[in-house]
Amino acid sequence: MSNPQPKASTLQPKMLKWGLGICTTIYVLAFPFLLGTAFVCSMLAFERLTETPLTIGVIVVVMSCVPLSVPASIYLLWSRYFRHQVNKALIFAGLPVYVFVAMLLICGLLDAL
């Protein structure tokens with residue numbers, strides 16, 4: 001009878017590689033839209049007369065962080081994958097999502113002020 005353990009150990013890296021490939025594809029396709037959204041939202045911040053220069057600067061920086069996190073995430077997740085650091089690769093696969101959530105929280109705090 002064959003041992004099921006080797007099948008499970010070879011299946012996990014293949015599943016991880018497919019998952020990272022899907023994340024990479026989604027991030028590459030979303031990058032132009034995220035970049036355009038950051039540009040438009042930053043320009044709209046300059047149009048609001050009630051905003052101070054400090055809040056305009058914070059909005060521009062925060063909105064720019066989301067598209068900039070995409071190439072960083074792709075590089076970091078694949079470099080960690082090839083170094084066999086699976087846990088770090090999974091953490092870096094979600095980096096743009098974490099930055100997006102942080103951006104929503106910061107923008108919500110700016111609206112509350």
# chains A, B, ... in the order shown; residues from 1 in each chain; ligands from 1
>>> residues_around(residues="stretch 25-30 of chain A", least_positions_apart="4", cutoff="8 Å", atoms="only C-alpha atoms", output="ChimeraX atom specification")
/A:21,34,70,74
>>> closest_atom_pairs(of="stretch 64-106 of chain A", to="stretch 36-53 of chain A", cutoff="12 Å", atoms="only C-alpha atoms", output="Markdown table")
| residue | atom | partner | partner_atom | distance |
| --- | --- | --- | --- | --- |
| A:Ser64 | CA | A:Ala38 | CA | 5.8 |
| A:Cys65 | CA | A:Ala38 | CA | 8.7 |
| A:Val66 | CA | A:Ala38 | CA | 7.9 |
| A:Pro67 | CA | A:Ala38 | CA | 7.5 |
| A:Leu68 | CA | A:Ala38 | CA | 10.1 |
| A:Phe100 | CA | A:Ala38 | CA | 11.4 |
| A:Met103 | CA | A:Ala38 | CA | 11.0 |
>>> closest_residue(among="A:Leu20, A:Leu77, A:Ile59, A:Ile91", to="A:Gly108", atoms="only C-alpha atoms")
A:Ile59
>>> atom_distance(atom1="atom CA of A:Ser69", atom2="atom CA of A:Met15")
23.8 Å
